[in-house]
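Here is structure_22.txt, consisting of compact mmCIF, N, CA and C atoms:
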```
# COMPACT_ATOMS: atom_id res chain seq x y z
N CYS A 1 76.51 43.69 51.87
CA CYS A 1 76.29 45.11 51.67
C CYS A 1 77.51 45.67 50.97
N ARG A 2 77.30 46.29 49.84
CA ARG A 2 78.37 46.87 49.06
C ARG A 2 78.28 48.39 49.15
N ILE A 3 79.39 49.04 49.41
CA ILE A 3 79.42 50.49 49.49
C ILE A 3 80.06 51.01 48.22
N SER A 4 79.39 51.95 47.57
CA SER A 4 79.96 52.54 46.36
C SER A 4 79.47 53.97 46.22
N GLY A 5 80.20 54.74 45.43
CA GLY A 5 79.80 56.11 45.17
C GLY A 5 80.20 57.08 46.27
N ASP A 6 80.08 58.35 45.95
CA ASP A 6 80.44 59.40 46.90
C ASP A 6 79.40 59.61 47.98
N GLN A 7 78.18 59.19 47.74
CA GLN A 7 77.09 59.44 48.68
C GLN A 7 76.76 58.21 49.51
N ALA A 8 77.71 57.27 49.67
CA ALA A 8 77.47 56.06 50.45
C ALA A 8 77.17 56.44 51.90
N ALA A 9 76.29 55.69 52.53
CA ALA A 9 75.91 55.95 53.92
C ALA A 9 75.84 54.65 54.68
N GLN A 10 76.12 54.72 55.96
CA GLN A 10 76.02 53.57 56.83
C GLN A 10 74.74 53.73 57.65
N VAL A 11 73.95 52.67 57.73
CA VAL A 11 72.67 52.75 58.42
C VAL A 11 72.67 51.75 59.57
N PHE A 12 72.25 52.20 60.74
CA PHE A 12 72.11 51.34 61.90
C PHE A 12 70.63 51.22 62.23
N VAL A 13 70.19 50.01 62.50
CA VAL A 13 68.80 49.78 62.85
C VAL A 13 68.78 49.21 64.27
N SER A 14 67.94 49.78 65.10
CA SER A 14 67.82 49.28 66.47
C SER A 14 66.36 49.29 66.87
N ASN A 15 66.05 48.46 67.84
CA ASN A 15 64.70 48.40 68.37
C ASN A 15 64.79 48.70 69.87
N PRO A 16 64.50 49.94 70.29
CA PRO A 16 64.64 50.30 71.70
C PRO A 16 63.75 49.47 72.62
N ALA A 17 62.63 48.98 72.12
CA ALA A 17 61.74 48.17 72.96
C ALA A 17 62.44 46.89 73.41
N ILE A 18 63.18 46.25 72.49
CA ILE A 18 63.93 45.05 72.85
C ILE A 18 65.03 45.38 73.84
N ALA A 19 65.74 46.47 73.61
CA ALA A 19 66.81 46.88 74.52
C ALA A 19 66.25 47.17 75.91
N ASN A 20 65.09 47.82 75.98
CA ASN A 20 64.47 48.11 77.28
C ASN A 20 64.05 46.83 77.99
N GLU A 21 63.54 45.86 77.23
CA GLU A 21 63.18 44.57 77.83
C GLU A 21 64.40 43.88 78.40
N ARG A 22 65.51 43.88 77.64
CA ARG A 22 66.75 43.26 78.13
C ARG A 22 67.24 43.96 79.38
N ALA A 23 67.19 45.29 79.39
CA ALA A 23 67.63 46.05 80.56
C ALA A 23 66.78 45.71 81.77
N ALA A 24 65.47 45.55 81.57
CA ALA A 24 64.57 45.20 82.66
C ALA A 24 64.87 43.80 83.18
N GLU A 25 65.19 42.88 82.27
CA GLU A 25 65.53 41.51 82.68
C GLU A 25 66.82 41.46 83.47
N ASN A 26 67.78 42.31 83.11
CA ASN A 26 69.08 42.31 83.78
C ASN A 26 69.07 43.07 85.09
N GLY A 27 67.98 43.71 85.40
CA GLY A 27 67.89 44.48 86.64
C GLY A 27 67.76 45.95 86.34
N PRO A 28 67.45 46.75 87.32
CA PRO A 28 67.25 48.18 87.10
C PRO A 28 68.53 48.87 86.65
N ALA A 29 68.34 49.99 85.98
CA ALA A 29 69.47 50.76 85.47
C ALA A 29 70.39 51.22 86.61
N GLU A 30 69.86 51.28 87.80
CA GLU A 30 70.66 51.72 88.94
C GLU A 30 71.72 50.70 89.34
N ARG A 31 71.72 49.52 88.68
CA ARG A 31 72.72 48.50 89.00
C ARG A 31 74.12 49.06 88.77
N LEU A 32 74.25 50.01 87.87
CA LEU A 32 75.51 50.70 87.63
C LEU A 32 75.42 52.09 88.22
N GLY A 33 76.50 52.56 88.76
CA GLY A 33 76.52 53.96 89.18
C GLY A 33 76.51 54.84 87.94
N THR A 34 76.26 56.11 88.13
CA THR A 34 76.19 57.04 87.01
C THR A 34 77.50 57.05 86.23
N HIS A 35 78.62 57.05 86.93
CA HIS A 35 79.93 57.07 86.27
C HIS A 35 80.13 55.81 85.44
N ASP A 36 79.83 54.65 86.00
CA ASP A 36 80.00 53.39 85.28
C ASP A 36 79.06 53.31 84.08
N ALA A 37 77.85 53.82 84.23
CA ALA A 37 76.90 53.83 83.12
C ALA A 37 77.41 54.74 82.00
N ALA A 38 78.02 55.87 82.36
CA ALA A 38 78.57 56.79 81.36
C ALA A 38 79.72 56.13 80.60
N VAL A 39 80.59 55.42 81.32
CA VAL A 39 81.71 54.71 80.68
C VAL A 39 81.19 53.62 79.76
N GLU A 40 80.18 52.89 80.19
CA GLU A 40 79.58 51.84 79.36
C GLU A 40 78.99 52.43 78.08
N LEU A 41 78.36 53.59 78.18
CA LEU A 41 77.78 54.24 77.00
C LEU A 41 78.88 54.70 76.04
N VAL A 42 79.97 55.26 76.55
CA VAL A 42 81.08 55.67 75.69
C VAL A 42 81.64 54.46 74.95
N GLN A 43 81.79 53.34 75.65
CA GLN A 43 82.30 52.13 75.00
C GLN A 43 81.37 51.66 73.89
N ALA A 44 80.08 51.72 74.13
CA ALA A 44 79.10 51.32 73.10
C ALA A 44 79.18 52.26 71.90
N MET A 45 79.26 53.56 72.16
CA MET A 45 79.34 54.52 71.06
C MET A 45 80.61 54.31 70.24
N TYR A 46 81.72 54.05 70.92
CA TYR A 46 83.00 53.84 70.24
C TYR A 46 82.95 52.64 69.31
N SER A 47 82.22 51.61 69.69
CA SER A 47 82.15 50.40 68.87
C SER A 47 80.93 50.39 67.95
N ASN A 48 80.25 51.53 67.83
CA ASN A 48 79.05 51.64 66.99
C ASN A 48 77.97 50.65 67.39
N ALA A 49 77.87 50.36 68.66
CA ALA A 49 76.85 49.45 69.17
C ALA A 49 75.78 50.26 69.88
N VAL A 50 74.65 49.63 70.12
CA VAL A 50 73.58 50.28 70.87
C VAL A 50 73.49 49.57 72.22
N ALA A 51 73.82 50.29 73.28
CA ALA A 51 73.77 49.72 74.63
C ALA A 51 72.31 49.46 75.02
N ASP A 52 72.12 48.44 75.85
CA ASP A 52 70.77 48.12 76.33
C ASP A 52 70.17 49.35 77.01
N GLY A 53 68.93 49.63 76.67
CA GLY A 53 68.21 50.75 77.26
C GLY A 53 68.41 52.07 76.53
N TYR A 54 69.13 52.06 75.41
CA TYR A 54 69.39 53.28 74.66
C TYR A 54 68.84 53.17 73.24
N GLU A 55 68.46 54.30 72.72
CA GLU A 55 68.04 54.40 71.33
C GLU A 55 69.09 55.24 70.62
N MET A 56 69.55 54.76 69.47
CA MET A 56 70.57 55.48 68.72
C MET A 56 69.96 56.06 67.46
N ARG A 57 70.24 57.32 67.23
CA ARG A 57 69.79 57.98 66.01
C ARG A 57 71.00 58.53 65.30
N GLN A 58 71.16 58.15 64.06
CA GLN A 58 72.21 58.75 63.26
C GLN A 58 71.64 59.99 62.64
N ARG A 59 72.26 61.08 62.92
CA ARG A 59 71.79 62.34 62.35
C ARG A 59 73.01 63.18 62.05
N ALA A 60 73.21 63.41 60.80
CA ALA A 60 74.33 64.26 60.38
C ALA A 60 73.83 65.69 60.33
N LEU A 61 73.98 66.38 61.45
CA LEU A 61 73.57 67.78 61.51
C LEU A 61 74.57 68.64 60.75
N ARG A 62 74.11 69.78 60.34
CA ARG A 62 74.97 70.72 59.60
C ARG A 62 76.18 71.05 60.48
N PRO A 63 77.38 70.96 59.91
CA PRO A 63 78.58 71.25 60.71
C PRO A 63 78.66 72.72 61.11
N VAL A 64 79.34 72.95 62.21
CA VAL A 64 79.62 74.31 62.67
C VAL A 64 81.14 74.46 62.78
N TYR A 65 81.61 75.67 62.69
CA TYR A 65 83.03 75.94 62.82
C TYR A 65 83.31 76.56 64.18
N VAL A 66 84.31 76.02 64.85
CA VAL A 66 84.81 76.56 66.11
C VAL A 66 86.27 76.88 65.83
N GLY A 67 86.54 78.12 65.51
CA GLY A 67 87.88 78.48 65.05
C GLY A 67 88.15 77.76 63.73
N THR A 68 89.23 77.00 63.70
CA THR A 68 89.58 76.25 62.48
C THR A 68 89.04 74.83 62.49
N LEU A 69 88.27 74.48 63.51
CA LEU A 69 87.73 73.13 63.63
C LEU A 69 86.32 73.05 63.07
N LYS A 70 86.09 72.08 62.23
CA LYS A 70 84.75 71.81 61.68
C LYS A 70 84.16 70.69 62.54
N VAL A 71 83.06 70.97 63.23
CA VAL A 71 82.46 70.03 64.18
C VAL A 71 81.06 69.67 63.70
N GLN A 72 80.78 68.36 63.69
CA GLN A 72 79.48 67.88 63.23
C GLN A 72 79.03 66.71 64.10
N MET A 73 77.80 66.80 64.62
CA MET A 73 77.24 65.66 65.36
C MET A 73 76.77 64.64 64.34
N ILE A 74 77.21 63.38 64.52
CA ILE A 74 76.84 62.34 63.56
C ILE A 74 75.94 61.26 64.17
N ALA A 75 75.86 61.21 65.49
CA ALA A 75 74.97 60.23 66.12
C ALA A 75 74.60 60.71 67.52
N GLU A 76 73.42 60.27 67.95
CA GLU A 76 72.94 60.63 69.29
C GLU A 76 72.35 59.38 69.93
N TYR A 77 72.68 59.16 71.18
CA TYR A 77 72.17 58.03 71.96
C TYR A 77 71.30 58.59 73.08
N ARG A 78 70.09 58.06 73.24
CA ARG A 78 69.18 58.54 74.27
C ARG A 78 68.76 57.38 75.15
N GLY A 79 68.90 57.56 76.44
CA GLY A 79 68.41 56.61 77.42
C GLY A 79 67.54 57.35 78.42
N SER A 80 67.06 56.66 79.43
CA SER A 80 66.18 57.30 80.40
C SER A 80 66.92 58.32 81.27
N GLU A 81 68.20 58.06 81.55
CA GLU A 81 68.96 58.95 82.43
C GLU A 81 70.11 59.68 81.74
N LEU A 82 70.72 59.02 80.74
CA LEU A 82 71.90 59.58 80.08
C LEU A 82 71.67 59.75 78.59
N SER A 83 72.41 60.67 78.02
CA SER A 83 72.42 60.82 76.56
C SER A 83 73.87 60.94 76.11
N GLY A 84 74.11 60.47 74.90
CA GLY A 84 75.47 60.52 74.36
C GLY A 84 75.45 61.14 72.97
N LYS A 85 76.55 61.78 72.62
CA LYS A 85 76.70 62.38 71.30
C LYS A 85 78.03 61.95 70.72
N VAL A 86 78.00 61.65 69.42
CA VAL A 86 79.22 61.33 68.69
C VAL A 86 79.49 62.49 67.76
N LEU A 87 80.66 63.11 67.91
CA LEU A 87 81.03 64.27 67.11
C LEU A 87 82.18 63.94 66.17
N ARG A 88 82.07 64.41 64.94
CA ARG A 88 83.16 64.31 63.97
C ARG A 88 83.84 65.68 63.96
N ILE A 89 85.16 65.68 64.18
CA ILE A 89 85.91 66.93 64.26
C ILE A 89 87.03 66.91 63.22
N GLU A 90 87.05 67.93 62.38
CA GLU A 90 88.06 68.02 61.33
C GLU A 90 88.85 69.32 61.49
N ASN A 91 90.17 69.21 61.42
CA ASN A 91 91.03 70.39 61.51
C ASN A 91 91.18 71.00 60.12
N LYS A 92 90.57 72.14 59.89
CA LYS A 92 90.63 72.83 58.61
C LYS A 92 91.73 73.89 58.59
N GLY A 93 92.45 74.03 59.70
CA GLY A 93 93.49 75.05 59.79
C GLY A 93 94.84 74.58 59.27
N PRO A 94 95.82 75.49 59.25
CA PRO A 94 97.15 75.18 58.72
C PRO A 94 98.11 74.54 59.73
N SER A 95 97.71 74.49 61.01
CA SER A 95 98.62 73.92 62.01
C SER A 95 97.90 72.89 62.88
N GLU A 96 98.71 72.07 63.56
CA GLU A 96 98.17 71.03 64.44
C GLU A 96 97.42 71.66 65.61
N VAL A 97 96.33 71.00 66.01
CA VAL A 97 95.54 71.45 67.15
C VAL A 97 95.49 70.32 68.16
N GLU A 98 95.70 70.66 69.43
CA GLU A 98 95.55 69.66 70.49
C GLU A 98 94.18 69.85 71.13
N LEU A 99 93.34 68.84 70.97
CA LEU A 99 91.98 68.90 71.50
C LEU A 99 91.99 68.52 72.97
N THR A 100 91.21 69.27 73.76
CA THR A 100 91.05 68.95 75.17
C THR A 100 89.57 68.71 75.44
N GLU A 101 89.29 68.09 76.57
CA GLU A 101 87.89 67.85 76.96
C GLU A 101 87.12 69.16 77.04
N ALA A 102 87.75 70.20 77.57
CA ALA A 102 87.08 71.49 77.72
C ALA A 102 86.73 72.11 76.36
N MET A 103 87.49 71.78 75.32
CA MET A 103 87.23 72.33 73.99
C MET A 103 86.01 71.69 73.32
N VAL A 104 85.76 70.41 73.62
CA VAL A 104 84.71 69.68 72.89
C VAL A 104 83.46 69.39 73.70
N ALA A 105 83.49 69.60 75.01
CA ALA A 105 82.35 69.22 75.84
C ALA A 105 82.00 70.33 76.83
N PRO A 106 80.72 70.41 77.17
CA PRO A 106 80.33 71.36 78.22
C PRO A 106 80.83 70.87 79.58
N ALA A 107 80.90 71.78 80.53
CA ALA A 107 81.39 71.43 81.87
C ALA A 107 80.51 70.38 82.54
N SER A 108 79.25 70.29 82.12
CA SER A 108 78.32 69.34 82.75
C SER A 108 78.47 67.91 82.22
N ALA A 109 79.34 67.68 81.25
CA ALA A 109 79.50 66.33 80.69
C ALA A 109 80.05 65.38 81.74
N LEU A 110 79.48 64.17 81.78
CA LEU A 110 79.93 63.15 82.72
C LEU A 110 81.15 62.41 82.20
N ALA A 111 81.21 62.21 80.89
CA ALA A 111 82.33 61.48 80.29
C ALA A 111 82.63 62.08 78.93
N VAL A 112 83.92 62.16 78.62
CA VAL A 112 84.38 62.68 77.34
C VAL A 112 85.53 61.78 76.88
N SER A 113 85.48 61.36 75.62
CA SER A 113 86.57 60.59 75.05
C SER A 113 86.84 61.11 73.66
N ILE A 114 88.11 61.40 73.39
CA ILE A 114 88.52 61.90 72.08
C ILE A 114 89.43 60.86 71.47
N ALA A 115 89.07 60.37 70.29
CA ALA A 115 89.83 59.28 69.67
C ALA A 115 91.28 59.68 69.42
N GLU A 116 91.53 60.86 68.90
CA GLU A 116 92.88 61.35 68.61
C GLU A 116 92.96 62.80 69.06
N SER A 117 93.68 63.06 70.15
CA SER A 117 93.68 64.42 70.71
C SER A 117 94.56 65.39 69.93
N LYS A 118 95.60 64.91 69.25
CA LYS A 118 96.43 65.79 68.43
C LYS A 118 95.95 65.64 66.99
N LEU A 119 95.46 66.74 66.46
CA LEU A 119 94.82 66.72 65.15
C LEU A 119 95.63 67.57 64.16
N ALA A 120 96.29 66.89 63.23
CA ALA A 120 97.10 67.56 62.21
C ALA A 120 96.18 68.26 61.21
N PRO A 121 96.70 69.20 60.44
CA PRO A 121 95.88 69.89 59.43
C PRO A 121 95.23 68.89 58.45
N GLY A 122 93.93 69.06 58.21
CA GLY A 122 93.21 68.19 57.29
C GLY A 122 92.78 66.86 57.87
N LYS A 123 93.17 66.55 59.08
CA LYS A 123 92.83 65.26 59.70
C LYS A 123 91.50 65.34 60.44
N VAL A 124 90.92 64.16 60.66
CA VAL A 124 89.60 64.04 61.30
C VAL A 124 89.71 63.11 62.50
N THR A 125 88.96 63.41 63.54
CA THR A 125 88.86 62.52 64.70
C THR A 125 87.41 62.48 65.16
N THR A 126 87.15 61.64 66.12
CA THR A 126 85.82 61.49 66.68
C THR A 126 85.87 61.73 68.18
N ALA A 127 84.85 62.42 68.69
CA ALA A 127 84.73 62.65 70.14
C ALA A 127 83.40 62.07 70.60
N TYR A 128 83.41 61.52 71.81
CA TYR A 128 82.21 60.89 72.39
C TYR A 128 81.91 61.62 73.70
N LEU A 129 80.69 62.14 73.83
CA LEU A 129 80.28 62.90 75.00
C LEU A 129 79.09 62.24 75.66
N VAL A 130 79.07 62.16 76.98
CA VAL A 130 77.93 61.63 77.72
C VAL A 130 77.52 62.65 78.78
N SER A 131 76.22 62.93 78.83
CA SER A 131 75.66 63.88 79.80
C SER A 131 74.41 63.28 80.42
N GLN A 132 74.04 63.80 81.59
CA GLN A 132 72.76 63.41 82.20
C GLN A 132 71.67 64.17 81.47
N ASN A 133 70.54 63.50 81.27
CA ASN A 133 69.41 64.16 80.62
C ASN A 133 68.92 65.31 81.47
N GLY A 134 68.55 66.40 80.83
CA GLY A 134 68.05 67.56 81.55
C GLY A 134 69.13 68.47 82.07
N ARG A 135 70.38 68.19 81.71
CA ARG A 135 71.49 69.05 82.17
C ARG A 135 72.30 69.52 81.02
```

Show how you would write the structure in this file as C-alpha cells.
Amino acid sequence: CRISGDQAAQVFVSNPAIANERAAENGPAERLGTHDAAVELVQAMYSNAVADGYEMRQRALRPVYVGTLKVQMIAEYRGSELSGKVLRIENKGPSEVELTEAMVAPASALAVSIAESKLAPGKVTTAYLVSQNGR
C-alpha cells in the first residue's frame, strides 16, 4: 500500500461477526470487570486494533473548537456494553495548553487516555475515551 497526495486516507476493515464469535469462544464478556474491559478497549484503540466483540468505524466528523483547541472525532468503537472514541486534538492557540481528563471527557467516562497532555502551539495529540453504552 503506497500513500501519496494530500488526500491520502487510512482504511481499516473489520468483521464484527468474527470478533463476536471469538468473544463467545473465549467466554462471556463478563470475564473482565467493567474497568478491565475499558482498559483493554483503550489499549486496542491506541494500537489501531479492533478488540474482540467491538466494531470500529472510522469517521472524521467535522471538527469543533473548544477555546483554542480544534477537536475532531476520528474513530468510534462500539461493543455490546462499552463504546470508545478516538479524538484528534490540535492546539490552534499561541500558548501551550495542558490537557486534563475533565477537559476532554464527560464525567461519565470510564477511562480516558491522552497521548500528550502538554500541547504546544500548532501541535496535535490523540485522546481515547471509553464510556458505558446508554450513559

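Going from CA of Ser108 (chain A) over to CA of Ser83 (chain A), you cover 12.1 Å.
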
How big is the axis-aligned box around all listed atoms of region 111-123 of chain A once 3 Å goes on each side, and where's its centre, in Å to one decimal, as JSON?
```
{"center_x": 89.2, "center_y": 64.6, "center_z": 69.1, "size_x": 21.9, "size_y": 16.6, "size_z": 29.6}
```

Which is closest to Gly53 (chain A) among A:Gly79, A:Gly122, A:Pro94, A:Gly84, if we use only N, CA and C atoms?
A:Gly79

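Checking A:Ala120, A:Val130, A:Val64, A:Ala49 one by one against Gly93 (chain A), counting only N, CA and C atoms, you find the shortest gap at A:Ala120.
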
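Of the residues under consideration (A:Pro121, A:Glu101, A:Ala109, A:Val86), A:Val86 shows the shortest atom-to-atom contact distance to Ser47 (chain A) when counting only C-alpha atoms.
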
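Among the candidates A:Pro63, A:Tyr77, A:Leu129, A:Lys123, the residue lying nearest to Val104 (chain A) is A:Leu129 (atoms considered: only N, CA and C atoms).
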
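Reported to one decimal place, the separation of atom C of Ser131 (chain A) from atom N of Arg59 (chain A) is 17.8 Å.
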
Tell me, as a ChimeraX atom specification, which residues lie within 6.5 Å of Glu116 (chain A), counting all atoms listed in the file; anything in the same chain fewer than 4 positions away does not count.
/A:99,125-126

What would the file look like if the residues just selected were written as a compact mmCIF listing (two decimals), in the frame of the given file with N, CA and C atoms?
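Produced file result-v2.txt, reproduced below:
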```
# COMPACT_ATOMS: atom_id res chain seq x y z
N LEU A 99 93.34 68.84 70.97
CA LEU A 99 91.98 68.90 71.50
C LEU A 99 91.99 68.52 72.97
N THR A 125 88.96 63.41 63.54
CA THR A 125 88.86 62.52 64.70
C THR A 125 87.41 62.48 65.16
N THR A 126 87.15 61.64 66.12
CA THR A 126 85.82 61.49 66.68
C THR A 126 85.87 61.73 68.18
```

Filtered DSSP result for region 82-123 of chain A, state strand (DSSP E or B), as a list in words:
Leu82, Ser83, Gly84, Lys85, Val86, Leu87, Arg88, Ile89, Glu90, Asn91, Val97, Glu98, Ala111, Val112, Ser113, Ile114, Lys118 and Leu119 of chain A

Restrict the selected residues to N, CA and C atoms and save them as a CSV table (one decimal), in the coordinates of the input.
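Everything below was put into result05.csv:
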```csv
chain,number,residue,atom,x,y,z
A,82,LEU,N,70.7,59.0,80.7
A,82,LEU,CA,71.9,59.6,80.1
A,82,LEU,C,71.7,59.8,78.6
A,83,SER,N,72.4,60.7,78.0
A,83,SER,CA,72.4,60.8,76.6
A,83,SER,C,73.9,60.9,76.1
A,84,GLY,N,74.1,60.5,74.9
A,84,GLY,CA,75.5,60.5,74.4
A,84,GLY,C,75.4,61.1,73.0
A,85,LYS,N,76.6,61.8,72.6
A,85,LYS,CA,76.7,62.4,71.3
A,85,LYS,C,78.0,62.0,70.7
A,86,VAL,N,78.0,61.6,69.4
A,86,VAL,CA,79.2,61.3,68.7
A,86,VAL,C,79.5,62.5,67.8
A,87,LEU,N,80.7,63.1,67.9
A,87,LEU,CA,81.0,64.3,67.1
A,87,LEU,C,82.2,63.9,66.2
A,88,ARG,N,82.1,64.4,64.9
A,88,ARG,CA,83.2,64.3,64.0
A,88,ARG,C,83.8,65.7,64.0
A,89,ILE,N,85.2,65.7,64.2
A,89,ILE,CA,85.9,66.9,64.3
A,89,ILE,C,87.0,66.9,63.2
A,90,GLU,N,87.0,67.9,62.4
A,90,GLU,CA,88.1,68.0,61.3
A,90,GLU,C,88.8,69.3,61.5
A,91,ASN,N,90.2,69.2,61.4
A,91,ASN,CA,91.0,70.4,61.5
A,91,ASN,C,91.2,71.0,60.1
A,97,VAL,N,96.3,71.0,66.0
A,97,VAL,CA,95.5,71.4,67.2
A,97,VAL,C,95.5,70.3,68.2
A,98,GLU,N,95.7,70.7,69.4
A,98,GLU,CA,95.6,69.7,70.5
A,98,GLU,C,94.2,69.8,71.1
A,111,ALA,N,81.2,62.2,80.9
A,111,ALA,CA,82.3,61.5,80.3
A,111,ALA,C,82.6,62.1,78.9
A,112,VAL,N,83.9,62.2,78.6
A,112,VAL,CA,84.4,62.7,77.3
A,112,VAL,C,85.5,61.8,76.9
A,113,SER,N,85.5,61.4,75.6
A,113,SER,CA,86.6,60.6,75.0
A,113,SER,C,86.8,61.1,73.7
A,114,ILE,N,88.1,61.4,73.4
A,114,ILE,CA,88.5,61.9,72.1
A,114,ILE,C,89.4,60.9,71.5
A,118,LYS,N,95.6,64.9,69.2
A,118,LYS,CA,96.4,65.8,68.4
A,118,LYS,C,96.0,65.6,67.0
A,119,LEU,N,95.5,66.7,66.5
A,119,LEU,CA,94.8,66.7,65.2
A,119,LEU,C,95.6,67.6,64.2
```

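Across the structure, CA of Arg88 (chain A) and CA of Thr34 (chain A) are spaced 25.1 Å apart.
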
Quick one: residues within 10 Å of Asn91 (chain A), only C-alpha atoms counted, chain neighbours fewer than 4 positions away excluded, as a PyMOL selection string?
chain A and resi 65-71+95-97+118-125

Take the residues from that selection and put them in a file with N, CA and C atoms, as a short mmCIF file (atom, residue, chain, number, x, y, z; two decimals), keeping the file's coordinate frame.
```cif
data_model
loop_
_atom_site.label_atom_id
_atom_site.label_comp_id
_atom_site.auth_asym_id
_atom_site.auth_seq_id
_atom_site.Cartn_x
_atom_site.Cartn_y
_atom_site.Cartn_z
N TYR A 65 81.61 75.67 62.69
CA TYR A 65 83.03 75.94 62.82
C TYR A 65 83.31 76.56 64.18
N VAL A 66 84.31 76.02 64.85
CA VAL A 66 84.81 76.56 66.11
C VAL A 66 86.27 76.88 65.83
N GLY A 67 86.54 78.12 65.51
CA GLY A 67 87.88 78.48 65.05
C GLY A 67 88.15 77.76 63.73
N THR A 68 89.23 77.00 63.70
CA THR A 68 89.58 76.25 62.48
C THR A 68 89.04 74.83 62.49
N LEU A 69 88.27 74.48 63.51
CA LEU A 69 87.73 73.13 63.63
C LEU A 69 86.32 73.05 63.07
N LYS A 70 86.09 72.08 62.23
CA LYS A 70 84.75 71.81 61.68
C LYS A 70 84.16 70.69 62.54
N VAL A 71 83.06 70.97 63.23
CA VAL A 71 82.46 70.03 64.18
C VAL A 71 81.06 69.67 63.70
N SER A 95 97.71 74.49 61.01
CA SER A 95 98.62 73.92 62.01
C SER A 95 97.90 72.89 62.88
N GLU A 96 98.71 72.07 63.56
CA GLU A 96 98.17 71.03 64.44
C GLU A 96 97.42 71.66 65.61
N VAL A 97 96.33 71.00 66.01
CA VAL A 97 95.54 71.45 67.15
C VAL A 97 95.49 70.32 68.16
N LYS A 118 95.60 64.91 69.25
CA LYS A 118 96.43 65.79 68.43
C LYS A 118 95.95 65.64 66.99
N LEU A 119 95.46 66.74 66.46
CA LEU A 119 94.82 66.72 65.15
C LEU A 119 95.63 67.57 64.16
N ALA A 120 96.29 66.89 63.23
CA ALA A 120 97.10 67.56 62.21
C ALA A 120 96.18 68.26 61.21
N PRO A 121 96.70 69.20 60.44
CA PRO A 121 95.88 69.89 59.43
C PRO A 121 95.23 68.89 58.45
N GLY A 122 93.93 69.06 58.21
CA GLY A 122 93.21 68.19 57.29
C GLY A 122 92.78 66.86 57.87
N LYS A 123 93.17 66.55 59.08
CA LYS A 123 92.83 65.26 59.70
C LYS A 123 91.50 65.34 60.44
N VAL A 124 90.92 64.16 60.66
CA VAL A 124 89.60 64.04 61.30
C VAL A 124 89.71 63.11 62.50
N THR A 125 88.96 63.41 63.54
CA THR A 125 88.86 62.52 64.70
C THR A 125 87.41 62.48 65.16
#
```

Please tell me which residues are no farther than 10 Å from (75.1, 64.3, 59.4) in the file, counting only C-alpha atoms, and write them as a list in words.
Gln58, Arg59, Ala60, Leu61, Arg62, Pro63, Gln72, Met73, Ile74, Ala75, Leu87 and Arg88 of chain A

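Here the question is which of A:Ile114, A:Tyr54, A:Ala44, A:Ala107 gets nearest to Leu82 (chain A) using only C-alpha atoms, and that residue is A:Tyr54.
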
Considering only helix (DSSP H, G or I) as DSSP defines it on the backbone, what residues of region 14-133 of chain A qualify? List them as JSON, numbers by chain.
{"A": [16, 17, 18, 19, 20, 21, 22, 23, 24, 25, 26, 29, 30, 31, 34, 35, 36, 37, 38, 39, 40, 41, 42, 43, 44, 45, 46, 101, 102, 103, 104]}
